[in-house]
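Following: one structure in structure tokens, then a few remarks.
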Amino acid sequence: MSLPSSLRMSSTVALAAGLVVTAFAPGVQAVPALPDAHAPAAVTTALAAPDLSLTNVKAHLTQFSKIAADNGGNRAHGRPGHKASVDYVKAKLDAAGFTTTVQQFTSNGATGYNLIADWPGGSPDQVLFAGAHLDSVTEGAGINDNGSGSAAVLETALAVSRAQYKPAKHLRFAWWGAEELGLVGSKHYVNNLPTTERSKIKGYLNFDMIGSPNPGYFVYDDDPVIEKTFKDYFAGLGIQTEIETEGDGRSDHAPFKSAGIPVGGLFTGASSKKTAAQAQKWGGTSGQSFDRCYHSSCDTTANIDDTALDRNSDAAAHAVWTLSAGTTAPPAGTVFENTADVAVPDNGAAVTSAVDVSGRTGNAPAALKVGVDIVHTYRGDLVVDLVAPDGTAYRLKDRSGTDSADDVRTTYTVDASGETANGTWKLKVQDTSAQDTGYIDAFRLTF
Ligand code: DTR
Ligand code: ZN
Ligand code: ZN
């Protein structure tokens with residue numbers, strides 16, 4: 001919505017909890033509000049992730065293939081091939097300086113293993129987590145499902161070590177056991193994670209089947225910031241992604257999502273068939289499964305599309321670098337608004353307009369944009385507050401006996417960094433003087 005310049009006014013409302021200090025820049029007049037007059041302060045720019053070597057990623061697949069061949073033809077839960085896979089990945093990570101932990105659990109009468117690797121450094125209260133399941137089905141070596149995701153996460157971790165990358169957030173990686181038995185390993189991990197530890201995980205990225213031979217390019221439609229990070233990456237390659245619709249509950253992100261942790265991930269498809277429109281967009285063969293060897297013995301190193309594996313591996317590294325760098329601005333234009341009219345009783349009780357914010361991570365920004373549109377015939381009568389989900393009120397506008405102009409149509413900038421982002425935010429408006437009337441026209445929060 002563009003406002004007539006005469007009505008635009010920007011004011012910086014600097015607030016400490018409970019105290020209201022309205023600070024106007026010296027000489028602030030009604031000025032054309034610049035598009036980003038109060039855009040969040042310069043964000044920490046993420047260092048560009050390295051381009052992962054496809055040769056290195058495929059070398060891990062070759063190792064997984066050899067491990068299966070040497071251990072009865074698979075890398076399934078409870079079979080020697082899975083433990084040998086864990087030992088292979090762990091050895092690489094130990095040599096690269098990671099702090100590794102092997103978490104054991106029992107499923108179907110057999111011991112299962114989760115391998116967790118922490119990269120020293122970063123804020124212990126801000127963990128960015130990437131994972132993949134390392135087990136296969138008993139039918140075969142499981143190279144696409146899920147050697148592909150395991151190899152990409154491993155190569156991303158090794159790239160962090162090679163770069164000695166020191167992001168603001170703490171990096172954690174995991175290779176889950178017994179996913180094929182029903183997300184058993186990742187469920188065991190999350191269920192045994194103290195609540196305090198859960199709240200520190202600011203994002204979990206899942207990679208399960210990312211090299212399918214007839215590939216699609218799917219992005220999980222869960223946390224919007226994570227989703228946008230992946231979508232923008234592929235858009236930069238000229239690839240239009242689709243949201244992953246069949247994935248809910250079907251891989252290791254599910255226990256994290258159930259615990260309220262923001263999740264995201266990538267997928268190149270399983271037994272579903274590629275449509276003509278998808279083949280037009282992505283190439284490949286329409287009417288054929290994305291992976292004809294899904295859960296079959298033919299899921300070997302020949303069951304990989306190199307281009308898809310390369311692109312998704314690089315997308316994984318990009319997301320880990322970007323989402324761990326620190327405060328990255330949320331996607332511009334993430335607007336939550338309520339445009340329902342709410343009558344403001346003349347010289348009467350306060351009324352509110354509410355917006356439900358969801359899908360955000362952590363706290364609200366220190367420069368939260370609050371759009372206020374109130375139609376009124378004497379705006380000096382009005383007192384306007386922003387009320388956070390926990391009930392904390394931030395004064396946006398006090399009454400004025402001299403401001404006889406019509407309407408309040410402006411954007412305030414509020415330091416709401418002490419508030420949890422998700423929840424119901426309210427605009428509270430009270431007419432404190434008789435005769436003039438009006439209504440709330442719209443209330444917008446732009447993160
Ligand atoms: N459950 C995974 C394969 C799978 C099927 N649909 C999706 C969607 C999103 C991620 C993974 C999957 C497996 O068999 O390991
Ligand atoms: Zn599977
Ligand atoms: Zn899988």
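In the structure tokens, chains take letters A, B, ... by order of appearance, with residues numbered from 1 within each chain and ligands from 1 in the order shown.
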Secondary structure check, strand (DSSP E) residues of region 129-353 of chain A, as number ranges by chain
A: 129-133, 169-176, 201-207, 218-220, 242-244, 263-267, 335-338, 342-344, 351-353
Just want the 6 Å neighbourhood of region 341-348 of chain A, counted on only C-alpha atoms, with same-chain residues fewer than 6 positions away dropped. Output as JSON, numbers by chain.
{"A": [431, 432, 433, 434, 437, 438, 439, 440, 441]}
Quick one: write out the picked residues with N, CA and C atoms as a compact mmCIF listing (two decimals), in the first residue's frame?
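What follows is the written file part_36.txt:
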# COMPACT_ATOMS: atom_id res chain seq x y z
N ASP A 431 -10.05 5.86 21.85
CA ASP A 431 -10.43 7.26 21.62
C ASP A 431 -10.69 7.89 22.99
N THR A 432 -9.90 8.89 23.35
CA THR A 432 -9.94 9.40 24.73
C THR A 432 -10.65 10.75 24.83
N SER A 433 -11.34 11.15 23.78
CA SER A 433 -12.01 12.44 23.86
C SER A 433 -13.30 12.42 23.04
N ALA A 434 -14.30 13.14 23.44
CA ALA A 434 -15.63 13.05 22.82
C ALA A 434 -15.65 13.75 21.45
N THR A 437 -14.99 10.42 15.62
CA THR A 437 -15.05 8.94 15.60
C THR A 437 -14.19 8.38 14.45
N GLY A 438 -14.04 7.06 14.51
CA GLY A 438 -13.25 6.42 13.44
C GLY A 438 -13.19 4.93 13.61
N TYR A 439 -12.28 4.30 12.85
CA TYR A 439 -12.16 2.82 12.93
C TYR A 439 -10.75 2.41 12.51
N ILE A 440 -10.33 1.24 13.00
CA ILE A 440 -9.06 0.63 12.58
C ILE A 440 -9.30 0.06 11.20
N ASP A 441 -8.46 0.51 10.26
CA ASP A 441 -8.61 0.07 8.86
C ASP A 441 -7.72 -1.13 8.57
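The smallest atom-to-atom distance between Phe98 (chain A) and any of A:Ser297, A:Asn338, A:Gln164, A:Thr196, using only C-alpha atoms, is found for A:Gln164.
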Could you give me, as JSON, numbers by chain, each residue of region 57-94 of chain A that DSSP assigns to helix (DSSP H, G or I) when run on this structure's backbone?
{"A": [57, 58, 59, 60, 61, 62, 63, 64, 65, 66, 67, 68, 69, 70, 80, 81, 82, 83, 84, 85, 86, 87, 88, 89, 90, 91, 92, 93, 94]}
So that I can check the surroundings of region 79-85 of chain A, please list as a list in words every protein, DNA and RNA residue that reaches within 9 Å of it, counting only C-alpha atoms and ignoring chain neighbours fewer than 4 positions away.
Gln63, Phe64, Ile67, Ala68, Ala69, Asp70, Asn71, Gly72, Gly73, Asn74, Arg75, Val89, Lys90, Ala110, Gly112, Tyr113, Leu134, Asp135, Ser136, Thr138, Ala141 and Gly177 of chain A
Please find the residues contacting ligand 2 at a distance of at most 8 Å between atoms, with only C-alpha atoms and all ligand atoms counted, and report them as a PyMOL selection string.
chain A and resi 136-137+142+145-146+179-180+294-295
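The space between CA of Thr156 (chain A) and CA of Tyr189 (chain A) spans 21.4 Å.
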List the neighbours of region 166-168 of chain A out to 7 Å using only C-alpha atoms; skip same-chain residues closer than 4 positions along the sequence, and give me the result as JSON, numbers by chain.
{"A": [121, 122, 123, 324, 325, 326]}
Which value, in Å to one decimal, gives the distance between CA of Ala366 (chain A) and CA of Gly423 (chain A)?
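These two atoms are separated by 16.8 Å.
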Let me see if you get this right: every residue at most 12 Å from ligand 3, counting only C-alpha atoms and all ligand atoms, written as an MDAnalysis selection string.
chainID A and resid 76 131:137 141:150 175:183 206:212 247 249:253 266:271 291 294:295 299
Let me see the file: selected residues, N, CA and C atoms, as a compact mmCIF listing (two decimals), in the first residue's frame.
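The file below, part.txt, is the result:
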# COMPACT_ATOMS: atom_id res chain seq x y z
N ALA A 76 21.49 -52.02 6.49
CA ALA A 76 20.22 -51.90 7.23
C ALA A 76 20.43 -51.90 8.74
N GLY A 131 20.93 -33.10 9.10
CA GLY A 131 20.99 -34.55 9.28
C GLY A 131 20.47 -35.34 8.09
N ALA A 132 20.79 -36.65 8.15
CA ALA A 132 20.37 -37.59 7.12
C ALA A 132 20.38 -38.98 7.74
N HIS A 133 19.50 -39.86 7.25
CA HIS A 133 19.56 -41.21 7.83
C HIS A 133 20.59 -42.04 7.08
N LEU A 134 21.32 -42.84 7.82
CA LEU A 134 22.45 -43.58 7.27
C LEU A 134 22.09 -45.03 6.98
N ASP A 135 20.95 -45.47 7.50
CA ASP A 135 20.57 -46.86 7.30
C ASP A 135 19.90 -47.06 5.93
N SER A 136 20.01 -48.26 5.41
CA SER A 136 19.30 -48.62 4.17
C SER A 136 18.20 -49.62 4.50
N VAL A 137 17.43 -49.98 3.50
CA VAL A 137 16.53 -51.12 3.67
C VAL A 137 17.35 -52.39 3.50
N ALA A 141 21.86 -51.72 -1.05
CA ALA A 141 22.89 -50.84 -0.48
C ALA A 141 22.36 -49.48 -0.08
N GLY A 142 21.20 -49.08 -0.63
CA GLY A 142 20.60 -47.79 -0.25
C GLY A 142 21.48 -46.62 -0.64
N ILE A 143 21.90 -46.55 -1.89
CA ILE A 143 22.82 -45.47 -2.28
C ILE A 143 22.08 -44.15 -2.45
N ASN A 144 20.92 -44.17 -3.14
CA ASN A 144 20.16 -42.92 -3.16
C ASN A 144 19.41 -42.75 -1.84
N ASP A 145 18.86 -43.81 -1.34
CA ASP A 145 18.09 -43.79 -0.10
C ASP A 145 18.81 -44.52 1.01
N ASN A 146 19.67 -43.95 1.78
CA ASN A 146 19.93 -42.53 1.76
C ASN A 146 21.43 -42.25 1.83
N GLY A 147 22.16 -43.02 1.00
CA GLY A 147 23.57 -42.68 0.92
C GLY A 147 23.75 -41.26 0.41
N SER A 148 22.84 -40.85 -0.50
CA SER A 148 22.97 -39.50 -1.10
C SER A 148 22.92 -38.41 -0.04
N GLY A 149 21.89 -38.47 0.85
CA GLY A 149 21.79 -37.45 1.89
C GLY A 149 22.93 -37.54 2.88
N SER A 150 23.31 -38.79 3.23
CA SER A 150 24.40 -38.98 4.20
C SER A 150 25.71 -38.43 3.67
N TRP A 175 23.74 -38.43 11.65
CA TRP A 175 23.44 -39.51 10.74
C TRP A 175 22.60 -40.51 11.53
N TRP A 176 21.32 -40.57 11.16
CA TRP A 176 20.35 -41.30 11.98
C TRP A 176 20.34 -42.78 11.67
N GLY A 177 20.01 -43.59 12.67
CA GLY A 177 19.81 -45.02 12.48
C GLY A 177 18.31 -45.34 12.41
N ALA A 178 18.01 -46.47 11.78
CA ALA A 178 16.66 -47.07 11.79
C ALA A 178 15.57 -46.13 11.31
N GLU A 179 15.90 -45.25 10.35
CA GLU A 179 14.83 -44.41 9.78
C GLU A 179 13.83 -45.29 9.06
N GLU A 180 14.33 -46.31 8.40
CA GLU A 180 13.47 -47.16 7.57
C GLU A 180 12.48 -47.98 8.41
N LEU A 181 12.74 -48.06 9.72
CA LEU A 181 11.83 -48.78 10.60
C LEU A 181 10.77 -47.85 11.18
N GLY A 182 10.83 -46.56 10.78
CA GLY A 182 9.84 -45.59 11.26
C GLY A 182 10.46 -44.46 12.04
N LEU A 183 11.52 -43.88 11.48
CA LEU A 183 12.17 -42.70 12.09
C LEU A 183 12.62 -43.01 13.52
N ASN A 206 16.89 -31.47 6.78
CA ASN A 206 16.89 -32.91 6.52
C ASN A 206 17.17 -33.21 5.06
N PHE A 207 17.99 -34.22 4.83
CA PHE A 207 18.36 -34.58 3.46
C PHE A 207 18.18 -36.09 3.31
N ASP A 208 17.09 -36.47 2.64
CA ASP A 208 16.75 -37.89 2.47
C ASP A 208 16.33 -38.08 1.02
N MET A 209 17.19 -38.75 0.26
CA MET A 209 17.02 -38.98 -1.19
C MET A 209 17.18 -37.68 -1.95
N ILE A 210 18.41 -37.34 -2.28
CA ILE A 210 18.69 -36.07 -2.99
C ILE A 210 19.50 -36.30 -4.26
N GLY A 211 19.48 -37.55 -4.75
CA GLY A 211 20.20 -37.84 -6.00
C GLY A 211 19.41 -38.74 -6.93
N SER A 212 18.10 -38.71 -6.85
CA SER A 212 17.25 -39.64 -7.61
C SER A 212 17.57 -39.61 -9.11
N GLY A 247 5.92 -35.38 2.05
CA GLY A 247 6.98 -35.66 3.02
C GLY A 247 6.59 -35.59 4.47
N GLY A 249 6.00 -36.17 7.90
CA GLY A 249 6.00 -37.41 8.69
C GLY A 249 6.77 -38.52 8.04
N ARG A 250 7.37 -38.27 6.88
CA ARG A 250 7.99 -39.39 6.17
C ARG A 250 9.50 -39.41 6.23
N SER A 251 10.07 -38.51 7.04
CA SER A 251 11.51 -38.62 7.22
C SER A 251 11.90 -37.97 8.55
N ASP A 252 13.19 -37.88 8.79
CA ASP A 252 13.69 -37.57 10.13
C ASP A 252 13.47 -36.15 10.59
N HIS A 253 12.92 -35.30 9.75
CA HIS A 253 12.58 -33.95 10.22
C HIS A 253 11.32 -33.99 11.08
N LEU A 266 15.39 -31.05 1.60
CA LEU A 266 15.35 -31.23 0.14
C LEU A 266 15.05 -32.69 -0.18
N PHE A 267 14.49 -32.90 -1.38
CA PHE A 267 14.07 -34.24 -1.79
C PHE A 267 14.01 -34.27 -3.31
N THR A 268 14.51 -35.39 -3.92
CA THR A 268 14.44 -35.47 -5.38
C THR A 268 13.43 -36.53 -5.84
N GLY A 269 12.69 -37.14 -4.90
CA GLY A 269 11.59 -38.00 -5.30
C GLY A 269 11.87 -39.47 -5.10
N ALA A 270 10.80 -40.23 -4.91
CA ALA A 270 10.92 -41.68 -4.67
C ALA A 270 10.09 -42.41 -5.73
N SER A 271 9.08 -43.15 -5.30
CA SER A 271 8.38 -44.02 -6.27
C SER A 271 7.29 -43.29 -7.05
N ASP A 291 12.50 -42.34 -8.72
CA ASP A 291 13.51 -43.34 -8.40
C ASP A 291 12.89 -44.74 -8.53
N TYR A 294 13.63 -47.38 -5.78
CA TYR A 294 13.33 -47.06 -4.38
C TYR A 294 13.10 -48.33 -3.57
N HIS A 295 13.88 -48.49 -2.49
CA HIS A 295 13.76 -49.66 -1.60
C HIS A 295 13.97 -50.97 -2.35
N ASP A 299 19.14 -50.06 -6.02
CA ASP A 299 19.54 -48.74 -5.50
C ASP A 299 21.05 -48.77 -5.22
Nearby residues (only C-alpha atoms) at most 7 Å from Lys200 (chain A), same-chain spacing under 6 positions excluded, as a list in words:
Asp125, Gln126 and Val127 of chain A
Near Leu115 (chain A), within 6 Å and counting only C-alpha atoms, which residues show up once chain neighbours fewer than 2 positions away are dropped, as a VMD selection string?
chain A and resid 101 to 102 174 to 175
For Thr100 (chain A), please output as a list in words all residues within 10 Å (counting only C-alpha atoms; exclusion window: fewer than 3 positions along the same chain).
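So, after excluding close chain neighbours, the residues are Lys90, Ala91, Leu93, Asp94, Gly97, Gln103, Leu115, Ile116, Ala117, Asp118, Trp119, Arg172, Phe173 and Ala174 of chain A.
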Using all heavy atoms, can you export the residues from the last selection as a JSON list (two decimals), in the first residue's frame?
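Okay, part_4.json is ready:
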[["chain", "number", "residue", "atom", "x", "y", "z"],
["A", 90, "LYS", "N", 32.15, -41.68, 11.08],
["A", 90, "LYS", "CA", 32.74, -41.18, 12.34],
["A", 90, "LYS", "C", 34.25, -40.95, 12.19],
["A", 90, "LYS", "O", 34.79, -39.94, 12.65],
["A", 90, "LYS", "CB", 32.47, -42.16, 13.47],
["A", 90, "LYS", "CG", 32.97, -41.69, 14.85],
["A", 90, "LYS", "CD", 32.63, -42.70, 15.94],
["A", 90, "LYS", "CE", 32.98, -42.18, 17.34],
["A", 90, "LYS", "NZ", 34.45, -41.90, 17.46],
["A", 91, "ALA", "N", 34.91, -41.87, 11.52],
["A", 91, "ALA", "CA", 36.37, -41.74, 11.36],
["A", 91, "ALA", "C", 36.71, -40.46, 10.57],
["A", 91, "ALA", "O", 37.65, -39.73, 10.92],
["A", 91, "ALA", "CB", 36.92, -42.97, 10.65],
["A", 93, "LEU", "N", 34.96, -37.74, 10.45],
["A", 93, "LEU", "CA", 34.64, -36.55, 11.26],
["A", 93, "LEU", "C", 35.64, -36.36, 12.39],
["A", 93, "LEU", "O", 36.07, -35.25, 12.69],
["A", 93, "LEU", "CB", 33.22, -36.67, 11.80],
["A", 93, "LEU", "CG", 32.11, -36.66, 10.75],
["A", 93, "LEU", "CD1", 30.80, -37.19, 11.34],
["A", 93, "LEU", "CD2", 31.91, -35.25, 10.19],
["A", 94, "ASP", "N", 36.04, -37.47, 13.00],
["A", 94, "ASP", "CA", 37.04, -37.36, 14.08],
["A", 94, "ASP", "C", 38.33, -36.77, 13.54],
["A", 94, "ASP", "O", 38.95, -35.88, 14.13],
["A", 94, "ASP", "CB", 37.32, -38.75, 14.69],
["A", 94, "ASP", "CG", 36.13, -39.25, 15.53],
["A", 94, "ASP", "OD1", 35.31, -38.41, 15.94],
["A", 94, "ASP", "OD2", 36.04, -40.47, 15.73],
["A", 97, "GLY", "N", 38.22, -32.96, 13.14],
["A", 97, "GLY", "CA", 38.14, -32.08, 14.30],
["A", 97, "GLY", "C", 36.77, -31.94, 14.92],
["A", 97, "GLY", "O", 36.55, -31.07, 15.77],
["A", 103, "GLN", "N", 25.14, -42.49, 19.73],
["A", 103, "GLN", "CA", 24.02, -42.73, 20.64],
["A", 103, "GLN", "C", 23.40, -44.07, 20.29],
["A", 103, "GLN", "O", 22.98, -44.28, 19.14],
["A", 103, "GLN", "CB", 22.99, -41.60, 20.49],
["A", 103, "GLN", "CG", 21.77, -41.71, 21.37],
["A", 103, "GLN", "CD", 20.75, -40.63, 21.06],
["A", 103, "GLN", "OE1", 20.42, -40.40, 19.88],
["A", 103, "GLN", "NE2", 20.27, -39.93, 22.09],
["A", 115, "LEU", "N", 24.74, -41.23, 14.92],
["A", 115, "LEU", "CA", 26.05, -40.57, 15.01],
["A", 115, "LEU", "C", 25.81, -39.07, 15.02],
["A", 115, "LEU", "O", 25.18, -38.53, 14.11],
["A", 115, "LEU", "CB", 26.92, -40.95, 13.80],
["A", 115, "LEU", "CG", 28.24, -40.21, 13.65],
["A", 115, "LEU", "CD1", 29.16, -40.45, 14.85],
["A", 115, "LEU", "CD2", 28.94, -40.64, 12.35],
["A", 116, "ILE", "N", 26.26, -38.41, 16.08],
["A", 116, "ILE", "CA", 26.09, -36.95, 16.21],
["A", 116, "ILE", "C", 27.47, -36.31, 16.17],
["A", 116, "ILE", "O", 28.42, -36.82, 16.80],
["A", 116, "ILE", "CB", 25.43, -36.59, 17.57],
["A", 116, "ILE", "CG1", 24.25, -37.51, 17.89],
["A", 116, "ILE", "CG2", 25.03, -35.11, 17.61],
["A", 116, "ILE", "CD1", 23.07, -37.39, 16.98],
["A", 117, "ALA", "N", 27.59, -35.23, 15.42],
["A", 117, "ALA", "CA", 28.89, -34.56, 15.33],
["A", 117, "ALA", "C", 28.72, -33.07, 15.58],
["A", 117, "ALA", "O", 27.92, -32.41, 14.90],
["A", 117, "ALA", "CB", 29.52, -34.78, 13.96],
["A", 118, "ASP", "N", 29.43, -32.56, 16.57],
["A", 118, "ASP", "CA", 29.38, -31.13, 16.89],
["A", 118, "ASP", "C", 30.66, -30.45, 16.42],
["A", 118, "ASP", "O", 31.77, -30.95, 16.68],
["A", 118, "ASP", "CB", 29.22, -30.92, 18.41],
["A", 118, "ASP", "CG", 27.78, -31.20, 18.86],
["A", 118, "ASP", "OD1", 26.93, -30.28, 18.68],
["A", 118, "ASP", "OD2", 27.51, -32.31, 19.33],
["A", 119, "TRP", "N", 30.49, -29.31, 15.75],
["A", 119, "TRP", "CA", 31.64, -28.53, 15.31],
["A", 119, "TRP", "C", 31.95, -27.51, 16.42],
["A", 119, "TRP", "O", 31.08, -26.71, 16.76],
["A", 119, "TRP", "CB", 31.35, -27.80, 14.00],
["A", 119, "TRP", "CG", 32.46, -26.94, 13.50],
["A", 119, "TRP", "CD1", 32.42, -25.59, 13.27],
["A", 119, "TRP", "CD2", 33.79, -27.35, 13.12],
["A", 119, "TRP", "NE1", 33.61, -25.14, 12.79],
["A", 119, "TRP", "CE2", 34.49, -26.20, 12.69],
["A", 119, "TRP", "CE3", 34.47, -28.57, 13.12],
["A", 119, "TRP", "CZ2", 35.82, -26.24, 12.26],
["A", 119, "TRP", "CZ3", 35.79, -28.62, 12.71],
["A", 119, "TRP", "CH2", 36.44, -27.46, 12.28],
["A", 172, "ARG", "N", 25.71, -28.52, 14.30],
["A", 172, "ARG", "CA", 25.61, -29.93, 14.68],
["A", 172, "ARG", "C", 25.14, -30.72, 13.46],
["A", 172, "ARG", "O", 24.29, -30.26, 12.68],
["A", 172, "ARG", "CB", 24.63, -30.11, 15.84],
["A", 172, "ARG", "CG", 24.49, -31.54, 16.35],
["A", 172, "ARG", "CD", 23.69, -31.59, 17.65],
["A", 172, "ARG", "NE", 24.38, -30.84, 18.70],
["A", 172, "ARG", "CZ", 23.75, -30.23, 19.70],
["A", 172, "ARG", "NH1", 22.42, -30.29, 19.81],
["A", 172, "ARG", "NH2", 24.43, -29.56, 20.60],
["A", 173, "PHE", "N", 25.66, -31.92, 13.31],
["A", 173, "PHE", "CA", 25.29, -32.80, 12.20],
["A", 173, "PHE", "C", 24.92, -34.16, 12.77],
["A", 173, "PHE", "O", 25.43, -34.55, 13.84],
["A", 173, "PHE", "CB", 26.47, -32.94, 11.21],
["A", 173, "PHE", "CG", 26.93, -31.63, 10.62],
["A", 173, "PHE", "CD1", 27.90, -30.86, 11.26],
["A", 173, "PHE", "CD2", 26.41, -31.16, 9.43],
["A", 173, "PHE", "CE1", 28.33, -29.65, 10.71],
["A", 173, "PHE", "CE2", 26.83, -29.96, 8.88],
["A", 173, "PHE", "CZ", 27.79, -29.20, 9.53],
["A", 174, "ALA", "N", 24.06, -34.89, 12.05],
["A", 174, "ALA", "CA", 23.68, -36.22, 12.55],
["A", 174, "ALA", "C", 23.42, -37.17, 11.39],
["A", 174, "ALA", "O", 22.97, -36.76, 10.31],
["A", 174, "ALA", "CB", 22.43, -36.13, 13.42]]
In Å, with one decimal, what is the gap from CA of Tyr88 (chain A) to CA of Lys58 (chain A)?
14.3 Å
Using only C-alpha atoms, which of the listed residues (A:Leu368, A:Leu427, A:Cys298, A:Leu171) sits closest to Val351 (chain A)?
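Of A:Leu368, A:Leu427, A:Cys298, A:Leu171, the one nearest Val351 (chain A) is A:Leu427, counting only C-alpha atoms.
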Counting only C-alpha atoms, which of A:Asp356, A:Asp232, A:Asp415, A:Asp406 gets nearest to Tyr394 (chain A)?
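Smallest separation from Tyr394 (chain A) among the options: A:Asp415.
Closest approach to Thr106 (chain A) among A:Thr411, A:His188, A:Arg379, A:Asp403: A:His188, based on only C-alpha atoms.
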